[in-house]
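*Asks:* coords_2.cif is reproduced below (mmCIF, C-alpha atoms).
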data_input
#
loop_
_atom_site.group_PDB
_atom_site.id
_atom_site.type_symbol
_atom_site.label_atom_id
_atom_site.label_comp_id
_atom_site.auth_asym_id
_atom_site.auth_seq_id
_atom_site.Cartn_x
_atom_site.Cartn_y
_atom_site.Cartn_z
ATOM 1 C CA MET M 173 0.000 0.000 0.000
ATOM 2 C CA ALA M 174 1.030 3.612 -0.522
ATOM 3 C CA VAL M 175 0.429 5.864 2.468
ATOM 4 C CA LEU M 176 0.596 9.652 2.520
ATOM 5 C CA VAL M 177 1.776 10.896 5.929
ATOM 6 C CA THR M 178 1.133 14.587 6.534
ATOM 7 C CA GLY M 179 3.388 16.040 9.205
ATOM 8 C CA GLY M 180 5.663 13.059 8.622
ATOM 9 C CA ALA M 181 8.801 14.948 9.644
ATOM 10 C CA GLY M 182 7.382 15.662 13.098
ATOM 11 C CA TYR M 183 7.804 13.612 16.251
ATOM 12 C CA ILE M 184 4.998 11.047 15.987
ATOM 13 C CA GLY M 185 4.818 11.343 12.216
ATOM 14 C CA SER M 186 8.470 10.441 11.717
ATOM 15 C CA HIS M 187 8.131 7.398 13.955
ATOM 16 C CA THR M 188 5.086 6.286 11.987
ATOM 17 C CA VAL M 189 7.042 6.707 8.752
ATOM 18 C CA ALA M 190 9.822 4.581 10.263
ATOM 19 C CA GLU M 191 7.388 1.798 11.186
ATOM 20 C CA LEU M 192 5.780 1.881 7.719
ATOM 21 C CA LEU M 193 9.202 1.636 6.096
ATOM 22 C CA ALA M 194 10.080 -1.307 8.357
ATOM 23 C CA LYS M 195 7.002 -3.052 6.956
ATOM 24 C CA ASN M 196 8.206 -2.301 3.408
ATOM 25 C CA GLU M 197 5.274 -0.017 2.671
ATOM 26 C CA GLU M 198 5.458 2.796 0.129
ATOM 27 C CA VAL M 199 5.487 6.103 2.019
ATOM 28 C CA VAL M 200 4.925 9.654 0.790
ATOM 29 C CA ILE M 201 5.603 12.421 3.304
ATOM 30 C CA VAL M 202 4.265 15.981 3.295
ATOM 31 C CA ASP M 203 5.679 18.483 5.782
ATOM 32 C CA ASN M 204 6.301 22.226 5.706
ATOM 33 C CA LEU M 205 9.211 21.739 8.168
ATOM 34 C CA GLU M 206 7.871 24.485 10.427
ATOM 35 C CA GLN M 207 7.974 22.042 13.337
ATOM 36 C CA GLY M 208 9.322 18.928 11.647
ATOM 37 C CA HIS M 209 12.909 18.024 10.812
ATOM 38 C CA ARG M 210 14.153 16.812 7.452
ATOM 39 C CA GLU M 211 16.660 14.570 9.234
ATOM 40 C CA ALA M 212 13.819 12.780 11.033
ATOM 41 C CA VAL M 213 12.554 11.349 7.745
ATOM 42 C CA LEU M 214 14.330 8.012 7.399
ATOM 43 C CA GLY M 215 13.053 7.208 3.923
ATOM 44 C CA GLY M 216 10.143 7.469 1.570
ATOM 45 C CA LYS M 217 9.377 10.388 -0.726
ATOM 46 C CA LEU M 218 9.371 13.783 0.989
ATOM 47 C CA TYR M 219 7.467 16.769 -0.363
ATOM 48 C CA VAL M 220 8.190 20.033 1.435
ATOM 49 C CA GLY M 221 5.053 22.146 1.381
ATOM 50 C CA ASP M 222 1.917 23.191 3.222
ATOM 51 C CA ILE M 223 -1.370 21.297 3.171
ATOM 52 C CA ARG M 224 -3.188 24.634 2.832
ATOM 53 C CA ASP M 225 -1.601 25.011 -0.609
ATOM 54 C CA LYS M 226 -4.115 23.239 -2.852
ATOM 55 C CA ASP M 227 -1.895 23.343 -5.933
ATOM 56 C CA PHE M 228 0.845 21.673 -3.899
ATOM 57 C CA LEU M 229 -1.560 18.940 -2.774
ATOM 58 C CA ASP M 230 -2.687 18.418 -6.364
ATOM 59 C CA THR M 231 0.925 17.717 -7.310
ATOM 60 C CA VAL M 232 1.354 15.210 -4.479
ATOM 61 C CA PHE M 233 -1.814 13.298 -5.355
ATOM 62 C CA ARG M 234 -1.170 13.387 -9.115
ATOM 63 C CA GLU M 235 2.369 12.045 -8.778
ATOM 64 C CA ASN M 236 1.537 9.210 -6.370
ATOM 65 C CA ALA M 237 -1.103 6.470 -6.274
ATOM 66 C CA ILE M 238 -2.133 7.041 -2.659
ATOM 67 C CA ASP M 239 -4.204 4.352 -0.932
ATOM 68 C CA ALA M 240 -4.664 6.079 2.424
ATOM 69 C CA VAL M 241 -3.640 9.150 4.404
ATOM 70 C CA ILE M 242 -2.325 9.419 7.959
ATOM 71 C CA HIS M 243 -2.861 13.001 9.057
ATOM 72 C CA PHE M 244 -0.531 14.473 11.708
ATOM 73 C CA ALA M 245 0.013 17.987 10.319
ATOM 74 C CA ALA M 246 -1.235 20.425 12.986
ATOM 75 C CA ASN M 247 -0.184 22.894 15.631
ATOM 76 C CA SER M 248 -0.475 21.353 19.088
ATOM 77 C CA LEU M 249 0.539 23.703 21.918
ATOM 78 C CA VAL M 250 -2.338 24.279 24.329
ATOM 79 C CA GLY M 251 -1.021 27.570 25.705
ATOM 80 C CA GLU M 252 -0.298 29.000 22.276
ATOM 81 C CA SER M 253 -3.746 27.985 21.073
ATOM 82 C CA MET M 254 -5.315 30.113 23.794
ATOM 83 C CA GLN M 255 -3.178 33.119 22.875
ATOM 84 C CA ASN M 256 -3.502 32.743 19.105
ATOM 85 C CA PRO M 257 -6.610 30.709 18.259
ATOM 86 C CA ALA M 258 -6.662 32.051 14.695
ATOM 87 C CA LYS M 259 -3.385 30.241 13.966
ATOM 88 C CA TYR M 260 -4.898 26.968 15.156
ATOM 89 C CA TYR M 261 -8.125 27.333 13.222
ATOM 90 C CA HIS M 262 -6.274 28.281 10.050
ATOM 91 C CA ASN M 263 -3.625 25.566 10.165
ATOM 92 C CA ASN M 264 -5.538 22.746 11.845
ATOM 93 C CA VAL M 265 -9.095 23.213 10.614
ATOM 94 C CA TYR M 266 -8.606 24.936 7.266
ATOM 95 C CA GLY M 267 -5.608 22.729 6.523
ATOM 96 C CA THR M 268 -7.716 19.625 7.107
ATOM 97 C CA LEU M 269 -10.472 21.038 4.901
ATOM 98 C CA CYS M 270 -7.980 21.502 2.055
ATOM 99 C CA LEU M 271 -6.676 17.966 2.551
ATOM 100 C CA LEU M 272 -10.144 16.383 2.564
ATOM 101 C CA GLU M 273 -11.200 18.338 -0.509
ATOM 102 C CA LYS M 274 -8.166 17.147 -2.437
ATOM 103 C CA MET M 275 -8.584 13.577 -1.221
ATOM 104 C CA ASN M 276 -12.145 13.651 -2.528
ATOM 105 C CA GLU M 277 -11.088 15.150 -5.872
ATOM 106 C CA HIS M 278 -8.360 12.533 -6.342
ATOM 107 C CA GLY M 279 -10.446 9.545 -5.230
ATOM 108 C CA VAL M 280 -8.608 8.815 -1.969
ATOM 109 C CA ASN M 281 -11.184 7.787 0.619
ATOM 110 C CA LYS M 282 -9.284 6.501 3.662
ATOM 111 C CA ILE M 283 -7.786 8.698 6.393
ATOM 112 C CA VAL M 284 -6.392 8.052 9.875
ATOM 113 C CA PHE M 285 -6.335 11.150 12.032
ATOM 114 C CA SER M 286 -4.021 11.996 14.927
ATOM 115 C CA SER M 287 -6.519 13.516 17.355
ATOM 116 C CA THR M 288 -6.269 14.191 21.072
ATOM 117 C CA ALA M 289 -7.949 13.253 24.313
ATOM 118 C CA ALA M 290 -8.037 17.016 24.927
ATOM 119 C CA ALA M 291 -11.249 16.797 22.886
ATOM 120 C CA TYR M 292 -12.953 15.534 26.058
ATOM 121 C CA GLY M 293 -12.071 18.502 28.260
ATOM 122 C CA GLU M 294 -12.662 17.832 31.957
ATOM 123 C CA PRO M 295 -13.222 14.069 32.136
ATOM 124 C CA GLU M 296 -16.538 12.545 33.155
ATOM 125 C CA ASN M 297 -14.969 9.146 33.842
ATOM 126 C CA ILE M 298 -11.554 7.721 34.597
ATOM 127 C CA PRO M 299 -10.501 6.034 32.456
ATOM 128 C CA ILE M 300 -12.071 8.140 29.708
ATOM 129 C CA LEU M 301 -14.353 6.307 27.274
ATOM 130 C CA GLU M 302 -14.922 7.123 23.612
ATOM 131 C CA THR M 303 -18.618 7.613 24.407
ATOM 132 C CA ASP M 304 -17.946 10.336 27.000
ATOM 133 C CA ARG M 305 -18.991 13.880 26.189
ATOM 134 C CA THR M 306 -16.610 16.124 24.259
ATOM 135 C CA LEU M 307 -16.271 19.608 25.716
ATOM 136 C CA PRO M 308 -12.744 20.950 25.068
ATOM 137 C CA THR M 309 -11.335 23.517 27.469
ATOM 138 C CA ASN M 310 -8.807 25.006 25.035
ATOM 139 C CA ALA M 311 -8.653 26.093 21.416
ATOM 140 C CA TYR M 312 -6.270 23.280 20.473
ATOM 141 C CA GLY M 313 -8.710 20.601 21.618
ATOM 142 C CA GLU M 314 -11.578 22.500 19.994
ATOM 143 C CA THR M 315 -9.847 22.536 16.612
ATOM 144 C CA LYS M 316 -9.086 18.817 16.799
ATOM 145 C CA LEU M 317 -12.724 18.109 17.575
ATOM 146 C CA ALA M 318 -13.762 20.328 14.654
ATOM 147 C CA MET M 319 -11.449 18.294 12.409
ATOM 148 C CA GLU M 320 -13.101 15.078 13.588
ATOM 149 C CA ASN M 321 -16.556 16.498 12.911
ATOM 150 C CA MET M 322 -15.481 17.615 9.450
ATOM 151 C CA MET M 323 -14.389 14.065 8.673
ATOM 152 C CA LYS M 324 -17.749 12.755 9.850
ATOM 153 C CA TRP M 325 -19.585 14.942 7.336
ATOM 154 C CA PHE M 326 -17.122 14.201 4.510
ATOM 155 C CA ASP M 327 -17.843 10.535 5.195
ATOM 156 C CA ALA M 328 -21.600 11.161 5.035
ATOM 157 C CA ALA M 329 -21.345 13.202 1.833
ATOM 158 C CA HIS M 330 -18.432 11.587 -0.007
ATOM 159 C CA GLY M 331 -17.737 8.219 1.636
ATOM 160 C CA ILE M 332 -14.312 9.188 2.984
ATOM 161 C CA LYS M 333 -13.831 6.703 5.813
ATOM 162 C CA TYR M 334 -11.803 7.803 8.815
ATOM 163 C CA VAL M 335 -10.340 6.570 12.064
ATOM 164 C CA SER M 336 -9.651 9.194 14.718
ATOM 165 C CA LEU M 337 -7.144 8.270 17.415
ATOM 166 C CA ARG M 338 -7.387 10.229 20.660
ATOM 167 C CA TYR M 339 -4.407 10.094 23.007
ATOM 168 C CA PHE M 340 -2.453 12.201 25.468
ATOM 169 C CA ASN M 341 1.292 11.940 25.945
ATOM 170 C CA ALA M 342 3.617 10.365 23.445
ATOM 171 C CA ALA M 343 7.103 9.772 24.837
ATOM 172 C CA GLY M 344 10.273 7.855 24.098
ATOM 173 C CA ALA M 345 12.378 7.448 20.982
ATOM 174 C CA HIS M 346 12.878 4.965 18.167
ATOM 175 C CA GLU M 347 14.808 1.826 19.045
ATOM 176 C CA SER M 348 17.329 2.584 16.283
ATOM 177 C CA GLY M 349 18.347 5.764 18.128
ATOM 178 C CA ARG M 350 18.088 7.723 14.874
ATOM 179 C CA ILE M 351 14.939 9.700 15.662
ATOM 180 C CA GLY M 352 13.460 11.148 18.829
ATOM 181 C CA GLU M 353 11.656 14.126 20.352
ATOM 182 C CA ASP M 354 12.893 17.604 19.465
ATOM 183 C CA HIS M 355 10.448 20.498 19.935
ATOM 184 C CA ASP M 356 11.069 24.231 20.140
ATOM 185 C CA PRO M 357 9.814 25.245 22.596
ATOM 186 C CA GLU M 358 9.743 22.003 24.552
ATOM 187 C CA THR M 359 6.580 21.575 26.598
ATOM 188 C CA HIS M 360 6.446 17.820 27.262
ATOM 189 C CA LEU M 361 7.314 16.465 30.689
ATOM 190 C CA VAL M 362 9.713 13.642 29.797
ATOM 191 C CA PRO M 363 12.113 15.642 27.588
ATOM 192 C CA ILE M 364 12.033 18.567 30.026
ATOM 193 C CA ILE M 365 13.038 16.221 32.865
ATOM 194 C CA LEU M 366 15.844 14.844 30.708
ATOM 195 C CA GLN M 367 17.049 18.367 29.952
ATOM 196 C CA VAL M 368 17.615 18.708 33.717
ATOM 197 C CA ALA M 369 19.675 15.512 33.678
ATOM 198 C CA LEU M 370 21.689 16.935 30.779
ATOM 199 C CA GLY M 371 22.406 20.126 32.726
ATOM 200 C CA GLN M 372 20.310 22.277 30.407
ATOM 201 C CA ARG M 373 17.825 23.247 33.131
ATOM 202 C CA PRO M 374 18.469 23.706 36.867
ATOM 203 C CA HIS M 375 15.382 21.780 37.983
ATOM 204 C CA ILE M 376 12.022 20.372 36.962
ATOM 205 C CA SER M 377 8.944 22.299 38.057
ATOM 206 C CA VAL M 378 6.100 20.315 39.630
ATOM 207 C CA PHE M 379 2.906 22.298 39.252
ATOM 208 C CA GLY M 380 0.962 21.409 42.391
ATOM 209 C CA GLU M 381 1.272 18.506 44.826
ATOM 210 C CA ASP M 382 -2.115 18.780 46.511
ATOM 211 C CA TYR M 383 -4.246 16.952 43.960
ATOM 212 C CA ALA M 384 -6.531 14.093 44.971
ATOM 213 C CA THR M 385 -4.048 11.467 43.787
ATOM 214 C CA PRO M 386 -1.878 9.004 45.754
ATOM 215 C CA ASP M 387 1.170 11.309 45.793
ATOM 216 C CA GLY M 388 -0.603 14.631 45.248
ATOM 217 C CA THR M 389 0.662 15.220 41.692
ATOM 218 C CA CYS M 390 -1.203 14.965 38.411
ATOM 219 C CA ILE M 391 -1.546 11.589 36.717
ATOM 220 C CA ARG M 392 -1.292 11.207 32.954
ATOM 221 C CA ASP M 393 -1.013 8.531 30.275
ATOM 222 C CA TYR M 394 2.419 8.026 28.727
ATOM 223 C CA ILE M 395 2.639 5.865 25.636
ATOM 224 C CA HIS M 396 5.758 4.974 23.702
ATOM 225 C CA VAL M 397 5.751 6.831 20.406
ATOM 226 C CA SER M 398 6.398 3.648 18.433
ATOM 227 C CA ASP M 399 3.348 2.012 20.008
ATOM 228 C CA LEU M 400 1.318 5.002 18.841
ATOM 229 C CA ALA M 401 2.792 4.563 15.373
ATOM 230 C CA ASP M 402 1.711 0.914 15.383
ATOM 231 C CA ALA M 403 -1.865 1.942 16.220
ATOM 232 C CA HIS M 404 -2.000 4.328 13.261
ATOM 233 C CA ILE M 405 -0.854 1.578 10.902
ATOM 234 C CA LEU M 406 -3.393 -0.898 12.300
ATOM 235 C CA ALA M 407 -6.086 1.731 11.753
ATOM 236 C CA VAL M 408 -5.038 2.164 8.109
ATOM 237 C CA LYS M 409 -5.246 -1.579 7.570
ATOM 238 C CA LYS M 410 -8.705 -1.668 9.154
ATOM 239 C CA LEU M 411 -9.963 0.957 6.717
ATOM 240 C CA LEU M 412 -8.358 -0.768 3.730
ATOM 241 C CA ARG M 413 -10.191 -3.950 4.718
ATOM 242 C CA GLY M 414 -13.466 -2.060 4.412
ATOM 243 C CA GLY M 415 -13.831 -0.944 8.009
ATOM 244 C CA GLU M 416 -16.267 1.786 8.944
ATOM 245 C CA SER M 417 -15.362 5.159 10.413
ATOM 246 C CA ARG M 418 -14.554 4.968 14.121
ATOM 247 C CA ILE M 419 -13.050 6.888 17.041
ATOM 248 C CA TYR M 420 -10.548 5.160 19.325
ATOM 249 C CA ASN M 421 -8.721 6.127 22.500
ATOM 250 C CA LEU M 422 -5.110 5.151 22.969
ATOM 251 C CA GLY M 423 -3.988 4.841 26.563
ATOM 252 C CA ASN M 424 -2.226 2.614 29.032
ATOM 253 C CA GLY M 425 -5.340 2.511 31.181
ATOM 254 C CA ILE M 426 -3.479 3.350 34.395
ATOM 255 C CA GLY M 427 -1.304 6.447 34.057
ATOM 256 C CA PHE M 428 1.707 7.745 35.957
ATOM 257 C CA SER M 429 2.037 10.691 38.335
ATOM 258 C CA VAL M 430 4.501 13.530 37.800
ATOM 259 C CA LYS M 431 6.514 12.355 40.808
ATOM 260 C CA GLU M 432 6.585 8.789 39.465
ATOM 261 C CA VAL M 433 7.905 9.983 36.116
ATOM 262 C CA ILE M 434 10.612 12.062 37.807
ATOM 263 C CA GLU M 435 11.662 9.221 40.102
ATOM 264 C CA ILE M 436 11.953 6.712 37.269
ATOM 265 C CA ALA M 437 13.936 9.274 35.261
ATOM 266 C CA ARG M 438 16.332 9.564 38.235
ATOM 267 C CA GLN M 439 16.811 5.804 38.209
ATOM 268 C CA VAL M 440 17.313 5.637 34.444
ATOM 269 C CA THR M 441 19.726 8.593 34.186
ATOM 270 C CA GLY M 442 21.537 8.289 37.523
ATOM 271 C CA HIS M 443 21.020 12.037 37.961
ATOM 272 C CA PRO M 444 19.360 13.569 41.079
ATOM 273 C CA ILE M 445 17.028 15.743 38.910
ATOM 274 C CA PRO M 446 16.055 18.422 41.449
ATOM 275 C CA ALA M 447 12.323 19.146 41.567
ATOM 276 C CA VAL M 448 10.724 22.405 42.694
ATOM 277 C CA VAL M 449 7.045 22.503 43.619
ATOM 278 C CA GLU M 450 5.223 25.485 42.165
ATOM 279 C CA ALA M 451 1.623 26.649 42.081
ATOM 280 C CA ARG M 452 -0.941 24.662 40.160
ATOM 281 C CA ARG M 453 -1.503 25.606 36.543
ATOM 282 C CA ALA M 454 -5.016 26.704 35.698
ATOM 283 C CA GLY M 455 -7.088 23.989 34.078
ATOM 284 C CA ASP M 456 -4.902 20.995 34.974
ATOM 285 C CA PRO M 457 -7.207 18.079 35.876
ATOM 286 C CA ALA M 458 -5.923 15.706 38.559
ATOM 287 C CA VAL M 459 -6.146 12.557 36.428
ATOM 288 C CA LEU M 460 -6.302 12.090 32.668
ATOM 289 C CA VAL M 461 -6.182 8.460 31.640
ATOM 290 C CA ALA M 462 -7.868 7.027 28.552
ATOM 291 C CA SER M 463 -9.400 3.587 28.198
ATOM 292 C CA SER M 464 -8.180 1.736 25.126
ATOM 293 C CA GLU M 465 -10.363 -1.382 25.468
ATOM 294 C CA ARG M 466 -12.218 -0.652 22.225
ATOM 295 C CA THR M 467 -8.891 -0.135 20.435
ATOM 296 C CA ARG M 468 -7.499 -3.405 21.709
ATOM 297 C CA GLU M 469 -10.642 -5.338 20.813
ATOM 298 C CA GLU M 470 -11.295 -3.864 17.373
ATOM 299 C CA LEU M 471 -7.810 -3.008 16.095
ATOM 300 C CA GLY M 472 -5.880 -5.681 17.952
ATOM 301 C CA TRP M 473 -3.537 -3.016 19.319
ATOM 302 C CA ARG M 474 -1.165 -4.239 22.026
ATOM 303 C CA PRO M 475 1.452 -1.796 23.336
ATOM 304 C CA LYS M 476 4.838 -3.537 23.301
ATOM 305 C CA ARG M 477 6.804 -0.857 25.135
ATOM 306 C CA ASP M 478 4.414 0.129 27.926
ATOM 307 C CA ARG M 479 6.821 0.026 30.890
ATOM 308 C CA LEU M 480 7.631 3.596 31.882
ATOM 309 C CA GLU M 481 11.280 2.640 32.499
ATOM 310 C CA ARG M 482 11.608 1.510 28.896
ATOM 311 C CA ILE M 483 9.901 4.613 27.546
ATOM 312 C CA ILE M 484 12.187 6.953 29.479
ATOM 313 C CA ALA M 485 15.319 4.894 28.757
ATOM 314 C CA SER M 486 14.721 5.144 25.020
ATOM 315 C CA ALA M 487 14.202 8.901 25.313
ATOM 316 C CA TRP M 488 17.359 9.235 27.434
ATOM 317 C CA ALA M 489 19.450 7.388 24.863
ATOM 318 C CA TRP M 490 18.217 9.771 22.158
ATOM 319 C CA HIS M 491 18.789 12.928 24.207
ATOM 320 C CA GLN M 492 22.267 11.824 25.220
ATOM 321 C CA SER M 493 23.215 11.253 21.591
ATOM 322 C CA ARG M 494 21.565 14.484 20.407
ATOM 323 C CA PRO M 495 21.603 16.868 23.404
ATOM 324 C CA THR M 496 20.742 19.837 21.219
ATOM 325 C CA GLY M 497 18.389 17.947 18.925
ATOM 326 C CA TYR M 498 18.531 17.430 15.184
ATOM 327 C CA GLU M 499 20.406 20.643 14.517
ATOM 328 C CA ALA M 500 23.479 19.463 16.435
#
The structure in this file should be written as structure tokens.
*Replies:*
Amino acid sequence: MAVLVTGGAGYIGSHTVAELLAKNEEVVIVDNLEQGHREAVLGGKLYVGDIRDKDFLDTVFRENAIDAVIHFAANSLVGESMQNPAKYYHNNVYGTLCLLEKMNEHGVNKIVFSSTAAAYGEPENIPILETDRTLPTNAYGETKLAMENMMKWFDAAHGIKYVSLRYFNAAGAHESGRIGEDHDPETHLVPIILQVALGQRPHISVFGEDYATPDGTCIRDYIHVSDLADAHILAVKKLLRGGESRIYNLGNGIGFSVKEVIEIARQVTGHPIPAVVEARRAGDPAVLVASSERTREELGWRPKRDRLERIIASAWAWHQSRPTGYEA
């Protein structure tokens, strides 16, 4: 099969490209390199351009016999989305509209979408179920939900089948050591902790330790990025077998607290990693953990790298080899 991966030079996108290549699939990558890295693309055919450029998309679809699309291309910083919602609506929502229109014009009717559990907002249940209400509390989550709804109506009108995968925190790095997590600015907990171990930050900030959790700190899902990549590929195969449109959560089902993540990082790195408790951040729920029972049952997804020690160790190996990221 030939798969178009938008945002394929980004963190999760590049790992999905790597897994597709390992399965000897034909891969076409689209990325404007605003957040992605050319060096993160380990193979396939890379087109540098923006999905909002319809002429550019025409070229990609004309030059390649695409069977399905995996759509990662989006802005994804919660704080930035609240300060500049227009950027998120233009890139995330309008970009997806352009992509769906061109898929329809070129007869490509299968898409797997990298969504977010932020679409739920404050959770009704723990773990979160796919049937729970969706009420995002930030513009980022709102745009992802709008993208999902757009796909629903393109399915109804044009038969474009979709799978939307909702998840929280990707972490870790590829087992080859060639690709890993490199954001600017960095906002994810695991790489920020590892920057402390590398001497790039004096300490890790813990935002609140008075939550109603066993150790008082927030609990979140952490999934190895390659396990997420596997789920996207399974979803593509489901659609190519004639599967119907569906929404799936991806989660470990238990979650780890901030203090647990820091402590395991200390063990993995051998560094004391000083932690400083600061005030809570507005809007941080105590526990965000997604149920992935439906995903396991219907897609056959089984995380292979779900131990937190393994996730952090793979990230540590990457950050040690590339302490300043891809531009080293």
*Asks:* I'd like the box whose edges run along x, y and z of the file and which contains every listed atom of range 483-490 of chain M, padded by 3 Å per side; could you state its centre and edge lengths in Å, one decimal, as lines of an AutoDock Vina configuration file?
*Replies:*
center_x = 14.7
center_y = 7.2
center_z = 25.8
size_x = 15.5
size_y = 11.2
size_z = 13.3
*Asks:* Taking a cut-off of 7 Å and counting only C-alpha atoms, can you build a table that, for each residue of range 312-373 of chain M near range 175-191 of chain M, reports the nearest atom pair and how far apart they are in Å (one decimal), sorted by chain then residue number, as a tab-separated table?
*Replies:*
residue	atom	partner	partner_atom	distance
M:His346	CA	M:His187	CA	6.8
M:Gly352	CA	M:Tyr183	CA	6.7
M:Glu353	CA	M:Tyr183	CA	5.6
*Asks:* With C-alpha atoms kept, could you save the residues just selected as a short mmCIF file (atom, residue, chain, number, x, y, z; two decimals), in the frame of the given file?
*Replies:*
data_model
loop_
_atom_site.label_atom_id
_atom_site.label_comp_id
_atom_site.auth_asym_id
_atom_site.auth_seq_id
_atom_site.Cartn_x
_atom_site.Cartn_y
_atom_site.Cartn_z
CA HIS M 346 12.88 4.96 18.17
CA GLY M 352 13.46 11.15 18.83
CA GLU M 353 11.66 14.13 20.35
#
*Asks:* Determine the residue membership of the PyMOL selection byres ((chain M and resi 318-332) around 9) for the file above and supply it as a list in words.
*Replies:*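 Taken on the displayed file, the PyMOL selection byres ((chain M and resi 318-332) around 9) yields the residues Asn264, Val265, Tyr266, Thr268, Leu269, Leu272, Glu273, Met275, Asn276, Val280, Asn281, Lys282, Ile283, Phe285, Ser287, Gly313, Glu314, Thr315, Lys316, Leu317, Lys333, Tyr334, Ser336, Ser417 and Ile419 of chain M.
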*Asks:* Quick one: contact table of range 384-416 of chain M to range 472-494 of chain M, 10 Å max, nearest atom pair and distance in Å to one decimal per residue, counting all atoms listed in the file, chain and number order, as a Markdown table?
*Replies:*
| residue | atom | partner | partner_atom | distance |
| --- | --- | --- | --- | --- |
| M:Tyr394 | CA | M:Leu480 | CA | 7.5 |
| M:Ile395 | CA | M:Asp478 | CA | 6.4 |
| M:His396 | CA | M:Ile483 | CA | 5.7 |
| M:Val397 | CA | M:Ile483 | CA | 8.6 |
| M:Ser398 | CA | M:Arg477 | CA | 8.1 |
| M:Asp399 | CA | M:Pro475 | CA | 5.4 |
| M:Leu400 | CA | M:Pro475 | CA | 8.2 |
| M:Asp402 | CA | M:Trp473 | CA | 7.6 |
| M:Ala403 | CA | M:Trp473 | CA | 6.1 |
| M:His404 | CA | M:Trp473 | CA | 9.6 |
| M:Ile405 | CA | M:Trp473 | CA | 10.0 |
| M:Leu406 | CA | M:Trp473 | CA | 7.3 |
| M:Ala407 | CA | M:Trp473 | CA | 9.3 |
*Asks:* Check which residues satisfy the PyMOL selection byres ((chain M and resi 212) around 7) in the file shown, then give them as a list in words.
*Replies:*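 For this structure, the PyMOL selection byres ((chain M and resi 212) around 7) captures Ala181, Ser186, His209, Arg210, Glu211, Val213, Leu214 and Ile351 of chain M.
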*Asks:* Around the point (19.7, 21.1, 32.5) in the file's coordinates, collect all residues with an atom within 12 Å, using only C-alpha atoms, and return them as number ranges by chain.
*Replies:* M: 363-376, 443-447, 491, 495-496
*Asks:* Quick one: which residues end up in the PyMOL selection byres ((chain M and resi 421) around 6) for this structure, as number ranges by chain?
*Replies:* M: 337-339, 420, 422, 464
*Asks:* Work out how far CA of Asp354 in chain M is from CA of Val199 in chain M, in Å to one decimal.
*Replies:* 22.2 Å
*Asks:* Which value, in Å to one decimal, gives the distance between CA of Pro299 in chain M and CA of Ala342 in chain M?
*Replies:* 17.3 Å
*Asks:* Neighbourhood query: residues within 9 Å of (6.0, 24.5, 25.2), file coordinates, counting all atoms listed in the file; return as a PDB file with C-alpha atoms, in the coordinates of the input.
*Replies:*
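selection31.pdb, freshly written:
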ATOM      1  CA  LEU M 249       0.539  23.703  21.918  1.00  0.00           C
ATOM      2  CA  VAL M 250      -2.338  24.279  24.329  1.00  0.00           C
ATOM      3  CA  GLY M 251      -1.021  27.570  25.705  1.00  0.00           C
ATOM      4  CA  GLU M 252      -0.298  29.000  22.276  1.00  0.00           C
ATOM      5  CA  HIS M 355      10.448  20.498  19.935  1.00  0.00           C
ATOM      6  CA  ASP M 356      11.069  24.231  20.140  1.00  0.00           C
ATOM      7  CA  PRO M 357       9.814  25.245  22.596  1.00  0.00           C
ATOM      8  CA  GLU M 358       9.743  22.003  24.552  1.00  0.00           C
ATOM      9  CA  THR M 359       6.580  21.575  26.598  1.00  0.00           C
ATOM     10  CA  HIS M 360       6.446  17.820  27.262  1.00  0.00           C
TER      11      HIS M 360
END
*Asks:* Using all atoms listed in the file, which protein or nucleic acid residues come within 7 Å of Gly216 in chain M? Drop anything in the same chain fewer than 2 positions from it, and give the result as a list in words.
*Replies:*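 Counting only the stated atoms, we get Glu198, Val199, Val200, Ile201 and Leu218 of chain M.
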*Asks:* Of the candidates M:His278, M:Arg392, M:Lys431, M:Arg224, which one gets nearest to Asn263 in chain M if we count all atoms listed in the file?
*Replies:*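 Closest residue, counting all atoms listed in the file: M:Arg224.
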*Asks:* Which one is closest to Ala462 in chain M: M:Ile223, M:Ile298, M:Val362, M:Val335? Count all atoms listed in the file.
*Replies:*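 Among the listed residues, M:Ile298 lies closest to Ala462 in chain M.
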*Asks:* Any idea what's packed within 7 Å of Thr306 in chain M, counting only C-alpha atoms, ignoring anything in its chain fewer than 4 positions away? Could you give it as an NGL selection string?
*Replies:* :M and (291-293)
